[in-house]
Amino acid sequence: MINISKPLFTLLCCGIIASCGKPPVGPPTVQPNLLMVTFDTLRADHLGAYGSEAGLTPNFDALAAQSVMFENAYAVSSTTGPSHLTMFSGLYPNEHGVLKNAVEVSDDVVTISEHLRDNGYNTAAFVSSYVLTAQFGLSQGFDEFDEDFNLKRRRSGSYTIEAASDWIAGQPNDKPWCVWVHLMDPHKPYVQPTEYLEPYITPDLIGNDLDKASYNGAVAYTDSVLPGLMAAISAQEASAGTLMAITADHGELFGEHGHFGHGRDLFEDAVRAPLLLKHLSLEPQRIDTTVGLVDFAPTILELLKMPPMQDISGISLALMIPDSTQRVSRPVFMQRRIFDEQGVKELFDETGVNVAGPQWAVIADGYKLTVAPEANEESLFNLAVDPGENNDLTVSDKDTLLKMRKVLSEILDSQTLRVRSTDLSPEVLQNLEQLGYAK
Ligand SMILES: [Zn+2]
């Protein structure tokens with residue numbers, strides 16, 4: 001009879017020695033790993049699991065069928081930097097202070113990666129876009145931050161996933177890891193291999209029609225890289241499993257409401273995001289409650305049974321997951337990026353959209369109010385019957401308008417501002433006051 005020492009016996013039982021190329025350094029961790037995947041510019045409605053019939057995303061859809069899927073999740077902004085930082089910090093843009101891309105994150109903003117590193121996780125990030133590079137501070141909390149771009153300002157998903165897979169394969173089994181993978185593929189310009197773009201493009205397409213068709217190919221491409229990441233996780237064989245959190249930072253507009261791209265507004269196609277949570281302990285299900293990605297980090301931490309982050313606006317949605325009738329229902333707040341550069345306020349961007357001053361939106365009880373006080377714009381939609389946001393109710397439904405203004409006002413008042421009200425011009429403050437937002 002072979003005499004096996006207890007630690008070695010444990011490792012053999014877990015299959016780790018047989019399946020893993022690296023030397024085990026201790027008993028396997030009982031803490032789950034965490035894989036966060038953020039797709040850049042991925043519209044929820046282009047995913048099969050979210051209702052698309054275009055067949056672009058078989059891999060995502062297969063994952064969704066095995067996951068807790070939030071059907072109505074919203075990014076806080078349609079701009080990459082602010083949106084990611086809100087996900088990772090549980091703070092609204094006014095609270096973390098990053099109101100547009102390429103603004104350095106303040107050291108006193110704590111992110112989920114810092115929190116997990118401080119609680120014993122090895123951490124690494126693999127990003128695919130210049131706007132998320134370490135110089136702007138989203139690297140804080142990551143032991144390794146990989147931004148080795150093969151193109152000047154971005155890299156394609158296959159390279160990002162290859163780098164992440166290599167790092168995961170090199171991890172010891174006695175310490176949990178946290179990995180963030182950011183995939184840029186659905187973002188313009190569409191530079192995917194021709195075999196992905198060709199099925200959607202015909203020679204007669206130009207301009208926005210060409211962009212719209214190419215976007216389908218880009219989404220199909222980004223979906224095609226997912227299996228590589230899944231393979232890296234399954235090779236890792238952690239006994240506690242890996243919690244996967246998959247989402248997007250914002251969507252994209254292709255002429256809806258006369259707008260294009262993202263960052264200028266908070267229309268549904270610009271802010272609706274997929275949200276999947278997958279772990280062997282979670283029963284696959286769909287949850288239709290409207291939620292905001294400000295709750296991303298606190299929800300993950302509760303599912304990992306880690307201590308919560310302190311003094312944040314995000315809350316855990318974990319209560320809903322074992323039983324979706326337990327709703328964590330509260331208003332969802334959004335805020336557009338700011339457009340003033342070096343103190344010069346822009347009034348209109350290059351597409352003619354009024355981008356003066358702040359723009360906020362709130363969704364509550366099925367209604368969505370969007371307000372841009374400096375541009376003197378306000379709209380109210382009943383998303384339950386008008387998901388395309390075509391029938392403005394600001395004139396016809398004053399009762400709901402007043403109620404929604406109050407909801408928005410309360411959320412803004414509750415935010416601990418890193419961007420102080422003194423940063424706003426007297427005109428803005430006056431407009432805010434007239435609308436009932438400023439104290
Ligand atoms: Zn983005």
# chains A, B, ... in the order shown; residues from 1 in each chain; ligands from 1

$ residues_near_ligand --ligand "ligand 1" --cutoff "7 Å" --atoms "only C-alpha atoms and all ligand atoms" --output "ChimeraX atom specification"
/A:40-41,79-80,249-250

$ select_by_dssp --residues "segment 39-97 of chain A" --states "alpha helix (DSSP H)" --output "ChimeraX atom specification"
/A:58-65,80-89,93-96

$ residues_around --residues "Arg154 of chain A" --least-positions-apart "3" --cutoff "7 Å" --atoms "only C-alpha atoms" --output "list in words"
Ser128, Ser129, Tyr130, Phe149 and Leu151 of chain A

$ write_last_selection --atoms "N, CA and C atoms" --output "CSV table (one decimal), in the first residue's frame"
chain,number,residue,atom,x,y,z
A,128,SER,N,-7.8,46.4,-23.2
A,128,SER,CA,-7.6,46.5,-24.6
A,128,SER,C,-7.7,47.8,-25.2
A,129,SER,N,-7.8,48.9,-24.4
A,129,SER,CA,-7.9,50.2,-24.9
A,129,SER,C,-7.1,51.2,-24.2
A,130,TYR,N,-6.6,52.2,-24.9
A,130,TYR,CA,-5.8,53.3,-24.3
A,130,TYR,C,-6.5,54.0,-23.2
A,149,PHE,N,-0.4,46.5,-26.0
A,149,PHE,CA,-1.2,46.6,-27.2
A,149,PHE,C,-0.4,46.3,-28.5
A,151,LEU,N,-1.7,47.0,-31.4
A,151,LEU,CA,-2.0,48.2,-32.2
A,151,LEU,C,-1.7,49.4,-31.4

$ select_by_dssp --residues "segment 233-374 of chain A" --states "strand (DSSP E or B)" --output "ChimeraX atom specification"
/A:242-248,253-254,260-261,272-278,285-292,332-335,341,344,348,354,360-364,367-372

$ write_last_selection --atoms "N, CA and C atoms" --output "tab-separated table (two decimals), in the first residue's frame"
chain	number	residue	atom	x	y	z
A	242	THR	N	-14.88	29.38	-9.90
A	242	THR	CA	-14.62	30.76	-10.30
A	242	THR	C	-15.95	31.47	-10.49
A	243	LEU	N	-16.10	32.59	-9.82
A	243	LEU	CA	-17.27	33.44	-10.05
A	243	LEU	C	-16.99	34.27	-11.28
A	244	MET	N	-17.86	34.17	-12.27
A	244	MET	CA	-17.71	35.00	-13.47
A	244	MET	C	-18.73	36.11	-13.44
A	245	ALA	N	-18.28	37.33	-13.71
A	245	ALA	CA	-19.17	38.48	-13.80
A	245	ALA	C	-18.92	39.12	-15.15
A	246	ILE	N	-19.93	39.08	-16.01
A	246	ILE	CA	-19.76	39.53	-17.40
A	246	ILE	C	-20.73	40.67	-17.67
A	247	THR	N	-20.19	41.77	-18.20
A	247	THR	CA	-21.06	42.91	-18.47
A	247	THR	C	-20.45	43.76	-19.59
A	248	ALA	N	-20.97	44.98	-19.76
A	248	ALA	CA	-20.45	45.90	-20.77
A	248	ALA	C	-20.45	47.30	-20.18
A	253	LEU	N	-25.04	53.87	-30.49
A	253	LEU	CA	-26.19	54.32	-31.26
A	253	LEU	C	-25.84	54.34	-32.75
A	254	PHE	N	-26.78	53.90	-33.55
A	254	PHE	CA	-26.61	53.92	-35.01
A	254	PHE	C	-27.75	54.71	-35.63
A	260	PHE	N	-25.40	59.18	-32.94
A	260	PHE	CA	-24.48	58.13	-33.36
A	260	PHE	C	-23.38	57.95	-32.30
A	261	GLY	N	-22.89	56.72	-32.21
A	261	GLY	CA	-21.79	56.47	-31.28
A	261	GLY	C	-22.27	56.39	-29.84
A	272	ARG	N	-28.01	50.44	-21.90
A	272	ARG	CA	-28.43	49.09	-21.47
A	272	ARG	C	-27.28	48.12	-21.66
A	273	ALA	N	-27.01	47.34	-20.63
A	273	ALA	CA	-25.84	46.46	-20.65
A	273	ALA	C	-26.26	45.04	-20.25
A	274	PRO	N	-25.58	44.04	-20.80
A	274	PRO	CA	-25.80	42.68	-20.29
A	274	PRO	C	-25.18	42.57	-18.90
A	275	LEU	N	-25.68	41.65	-18.11
A	275	LEU	CA	-25.05	41.35	-16.82
A	275	LEU	C	-25.30	39.89	-16.48
A	276	LEU	N	-24.22	39.12	-16.46
A	276	LEU	CA	-24.28	37.70	-16.09
A	276	LEU	C	-23.43	37.47	-14.86
A	277	LEU	N	-23.92	36.61	-13.96
A	277	LEU	CA	-23.12	36.14	-12.82
A	277	LEU	C	-23.19	34.63	-12.83
A	278	LYS	N	-22.03	33.98	-12.86
A	278	LYS	CA	-22.01	32.52	-13.01
A	278	LYS	C	-21.04	31.92	-12.00
A	285	GLN	N	-30.81	31.53	-13.65
A	285	GLN	CA	-32.14	32.14	-13.67
A	285	GLN	C	-32.05	33.51	-14.33
A	286	ARG	N	-33.23	34.01	-14.69
A	286	ARG	CA	-33.31	35.37	-15.23
A	286	ARG	C	-34.01	36.26	-14.23
A	287	ILE	N	-33.47	37.46	-14.05
A	287	ILE	CA	-34.04	38.42	-13.11
A	287	ILE	C	-34.40	39.68	-13.90
A	288	ASP	N	-35.68	40.08	-13.85
A	288	ASP	CA	-36.10	41.21	-14.69
A	288	ASP	C	-36.10	42.56	-13.98
A	289	THR	N	-35.73	42.58	-12.71
A	289	THR	CA	-35.67	43.85	-11.98
A	289	THR	C	-34.66	44.79	-12.64
A	290	THR	N	-34.99	46.07	-12.70
A	290	THR	CA	-34.08	47.06	-13.26
A	290	THR	C	-32.97	47.35	-12.25
A	291	VAL	N	-31.74	47.18	-12.68
A	291	VAL	CA	-30.60	47.37	-11.76
A	291	VAL	C	-29.52	48.22	-12.44
A	292	GLY	N	-28.69	48.84	-11.63
A	292	GLY	CA	-27.60	49.65	-12.14
A	292	GLY	C	-26.26	48.98	-11.86
A	332	VAL	N	-32.62	53.70	-10.62
A	332	VAL	CA	-31.32	53.54	-11.28
A	332	VAL	C	-30.91	54.90	-11.84
A	333	PHE	N	-29.73	55.34	-11.44
A	333	PHE	CA	-29.24	56.68	-11.80
A	333	PHE	C	-28.16	56.59	-12.87
A	334	MET	N	-28.17	57.54	-13.80
A	334	MET	CA	-27.14	57.61	-14.85
A	334	MET	C	-26.69	59.05	-15.05
A	335	GLN	N	-25.48	59.20	-15.55
A	335	GLN	CA	-24.94	60.54	-15.77
A	335	GLN	C	-24.05	60.54	-17.00
A	341	GLU	N	-13.62	71.26	-21.89
A	341	GLU	CA	-12.18	70.98	-21.99
A	341	GLU	C	-11.42	72.23	-21.61
A	344	VAL	N	-13.15	75.45	-21.16
A	344	VAL	CA	-13.99	75.97	-22.24
A	344	VAL	C	-15.19	75.06	-22.39
A	348	PHE	N	-22.05	72.34	-28.40
A	348	PHE	CA	-22.50	71.32	-29.35
A	348	PHE	C	-21.28	70.51	-29.78
A	354	ASN	N	-26.42	68.86	-28.54
A	354	ASN	CA	-26.17	69.80	-27.45
A	354	ASN	C	-25.56	69.05	-26.27
A	360	TRP	N	-28.39	64.03	-16.66
A	360	TRP	CA	-28.66	62.91	-15.76
A	360	TRP	C	-29.91	62.18	-16.23
A	361	ALA	N	-30.01	60.93	-15.83
A	361	ALA	CA	-31.24	60.18	-16.07
A	361	ALA	C	-31.52	59.32	-14.85
A	362	VAL	N	-32.80	59.06	-14.63
A	362	VAL	CA	-33.17	58.15	-13.55
A	362	VAL	C	-34.33	57.28	-14.06
A	363	ILE	N	-34.26	56.00	-13.69
A	363	ILE	CA	-35.35	55.07	-14.00
A	363	ILE	C	-35.97	54.63	-12.69
A	364	ALA	N	-37.28	54.81	-12.59
A	364	ALA	CA	-38.00	54.37	-11.38
A	364	ALA	C	-39.42	54.00	-11.77
A	367	TYR	N	-40.60	54.27	-15.38
A	367	TYR	CA	-40.44	55.55	-16.09
A	367	TYR	C	-38.97	55.97	-16.13
A	368	LYS	N	-38.61	56.72	-17.15
A	368	LYS	CA	-37.25	57.23	-17.26
A	368	LYS	C	-37.30	58.74	-17.52
A	369	LEU	N	-36.67	59.46	-16.62
A	369	LEU	CA	-36.55	60.92	-16.77
A	369	LEU	C	-35.11	61.25	-17.12
A	370	THR	N	-34.93	62.06	-18.15
A	370	THR	CA	-33.60	62.52	-18.53
A	370	THR	C	-33.60	64.05	-18.50
A	371	VAL	N	-32.60	64.62	-17.88
A	371	VAL	CA	-32.55	66.07	-17.68
A	371	VAL	C	-31.17	66.60	-18.01
A	372	ALA	N	-31.12	67.64	-18.83
A	372	ALA	CA	-29.88	68.36	-19.09
A	372	ALA	C	-30.17	69.84	-18.83

$ closest_residue --among "A:Gly251, A:Gly241, A:Gly352, A:Gly207" --to "His187 of chain A" --atoms "only C-alpha atoms"
A:Gly251

$ atom_distance --atom1 "atom CA of Pro227 of chain A" --atom2 "atom CA of Arg117 of chain A"
26.8 Å

$ atom_distance --atom1 "atom CA of Met306 of chain A" --atom2 "atom CA of Val179 of chain A"
16.1 Å

$ closest_residue --among "A:Gly81, A:Ala75, A:Asp174, A:Glu410" --to "Ala134 of chain A" --atoms "only C-alpha atoms"
A:Gly81

$ atom_distance --atom1 "atom CA of Val219 of chain A" --atom2 "atom CA of Tyr200 of chain A"
11.2 Å

$ closest_residue --among "A:Leu301, A:Val68, A:Ala232, A:Ala164" --to "His115 of chain A" --atoms "only C-alpha atoms"
A:Leu301

$ closest_residue --among "A:Val30, A:Ala163, A:Thr394, A:Thr38" --to "Met87 of chain A" --atoms "only C-alpha atoms"
A:Thr38

$ residues_around --residues "Tyr190 of chain A" --least-positions-apart "6" --cutoff "12 Å" --atoms "only C-alpha atoms" --output "number ranges by chain"
A: 41, 154-156, 184, 196-198, 201, 210-222

$ closest_residue --among "A:Thr111, A:Ser409, A:Thr202, A:Gln310" --to "Phe88 of chain A" --atoms "only C-alpha atoms"
A:Thr111

$ residues_around --residues "Gly314 of chain A" --least-positions-apart "6" --cutoff "9 Å" --atoms "only C-alpha atoms" --output "PyMOL selection string"
chain A and resi 86-87+89-92+292-299

$ write_last_selection --atoms "N, CA and C atoms" --output "mmCIF file, in the first residue's frame"
data_model
loop_
_atom_site.group_PDB
_atom_site.id
_atom_site.type_symbol
_atom_site.label_atom_id
_atom_site.label_comp_id
_atom_site.auth_asym_id
_atom_site.auth_seq_id
_atom_site.Cartn_x
_atom_site.Cartn_y
_atom_site.Cartn_z
ATOM 1 N N THR A 86 -17.266 53.302 -11.940
ATOM 2 C CA THR A 86 -18.475 53.093 -11.131
ATOM 3 C C THR A 86 -18.694 51.614 -10.840
ATOM 4 N N MET A 87 -18.503 50.767 -11.846
ATOM 5 C CA MET A 87 -18.634 49.315 -11.603
ATOM 6 C C MET A 87 -17.672 48.850 -10.517
ATOM 7 N N SER A 89 -15.960 50.625 -8.207
ATOM 8 C CA SER A 89 -15.887 51.335 -6.918
ATOM 9 C C SER A 89 -17.217 51.369 -6.163
ATOM 10 N N GLY A 90 -18.333 51.124 -6.867
ATOM 11 C CA GLY A 90 -19.638 51.275 -6.218
ATOM 12 C C GLY A 90 -19.998 52.732 -5.967
ATOM 13 N N LEU A 91 -19.305 53.639 -6.649
ATOM 14 C CA LEU A 91 -19.558 55.080 -6.501
ATOM 15 C C LEU A 91 -20.122 55.638 -7.812
ATOM 16 N N TYR A 92 -21.005 56.619 -7.687
ATOM 17 C CA TYR A 92 -21.493 57.318 -8.873
ATOM 18 C C TYR A 92 -20.393 58.253 -9.396
ATOM 19 N N GLY A 292 -28.692 48.841 -11.627
ATOM 20 C CA GLY A 292 -27.596 49.648 -12.135
ATOM 21 C C GLY A 292 -26.257 48.976 -11.861
ATOM 22 N N LEU A 293 -25.290 49.223 -12.721
ATOM 23 C CA LEU A 293 -23.970 48.601 -12.541
ATOM 24 C C LEU A 293 -23.173 49.238 -11.404
ATOM 25 N N VAL A 294 -23.734 50.259 -10.741
ATOM 26 C CA VAL A 294 -23.120 50.761 -9.510
ATOM 27 C C VAL A 294 -23.136 49.655 -8.446
ATOM 28 N N ASP A 295 -24.018 48.671 -8.649
ATOM 29 C CA ASP A 295 -24.139 47.562 -7.687
ATOM 30 C C ASP A 295 -23.245 46.373 -8.036
ATOM 31 N N PHE A 296 -22.456 46.506 -9.091
ATOM 32 C CA PHE A 296 -21.616 45.392 -9.585
ATOM 33 C C PHE A 296 -20.664 44.895 -8.491
ATOM 34 N N ALA A 297 -19.820 45.776 -7.960
ATOM 35 C CA ALA A 297 -18.799 45.354 -6.989
ATOM 36 C C ALA A 297 -19.401 44.840 -5.680
ATOM 37 N N PRO A 298 -20.354 45.568 -5.068
ATOM 38 C CA PRO A 298 -20.898 45.045 -3.810
ATOM 39 C C PRO A 298 -21.592 43.697 -3.956
ATOM 40 N N THR A 299 -22.223 43.470 -5.111
ATOM 41 C CA THR A 299 -22.883 42.172 -5.328
ATOM 42 C C THR A 299 -21.842 41.055 -5.403
#

$ closest_residue --among "A:Leu393, A:Val353, A:Val271, A:Met36" --to "Thr123 of chain A" --atoms "only C-alpha atoms"
A:Met36

$ residues_around --residues "Leu229 of chain A" --least-positions-apart "5" --cutoff "10 Å" --atoms "only C-alpha atoms" --output "PyMOL selection string"
chain A and resi 35+37+158+160-162+164-165+168+181+234

$ write_last_selection --atoms "N, CA and C atoms" --output "compact mmCIF listing (two decimals), in the first residue's frame"
# COMPACT_ATOMS: atom_id res chain seq x y z
N LEU A 35 -13.51 36.19 -12.05
CA LEU A 35 -13.20 36.66 -13.41
C LEU A 35 -14.24 37.70 -13.80
N VAL A 37 -15.39 40.18 -16.78
CA VAL A 37 -15.22 40.48 -18.21
C VAL A 37 -16.07 41.69 -18.54
N SER A 158 -8.48 38.35 -28.95
CA SER A 158 -7.72 37.10 -28.89
C SER A 158 -6.39 37.31 -28.17
N THR A 160 -5.73 39.73 -25.92
CA THR A 160 -6.01 40.03 -24.51
C THR A 160 -6.28 38.73 -23.75
N ILE A 161 -7.05 37.86 -24.36
CA ILE A 161 -7.42 36.61 -23.68
C ILE A 161 -6.23 35.67 -23.58
N GLU A 162 -5.38 35.70 -24.58
CA GLU A 162 -4.17 34.87 -24.51
C GLU A 162 -3.32 35.29 -23.30
N ALA A 164 -4.32 36.89 -20.59
CA ALA A 164 -5.02 36.56 -19.35
C ALA A 164 -4.92 35.06 -19.06
N SER A 165 -5.05 34.25 -20.09
CA SER A 165 -5.00 32.80 -19.91
C SER A 165 -3.63 32.37 -19.40
N ILE A 168 -3.45 33.22 -15.69
CA ILE A 168 -4.29 32.32 -14.89
C ILE A 168 -3.58 30.96 -14.74
N VAL A 181 -10.80 41.19 -17.43
CA VAL A 181 -10.50 41.17 -18.87
C VAL A 181 -11.42 42.19 -19.55
N SER A 234 -11.30 26.49 -16.82
CA SER A 234 -11.53 25.08 -16.49
C SER A 234 -10.22 24.35 -16.27
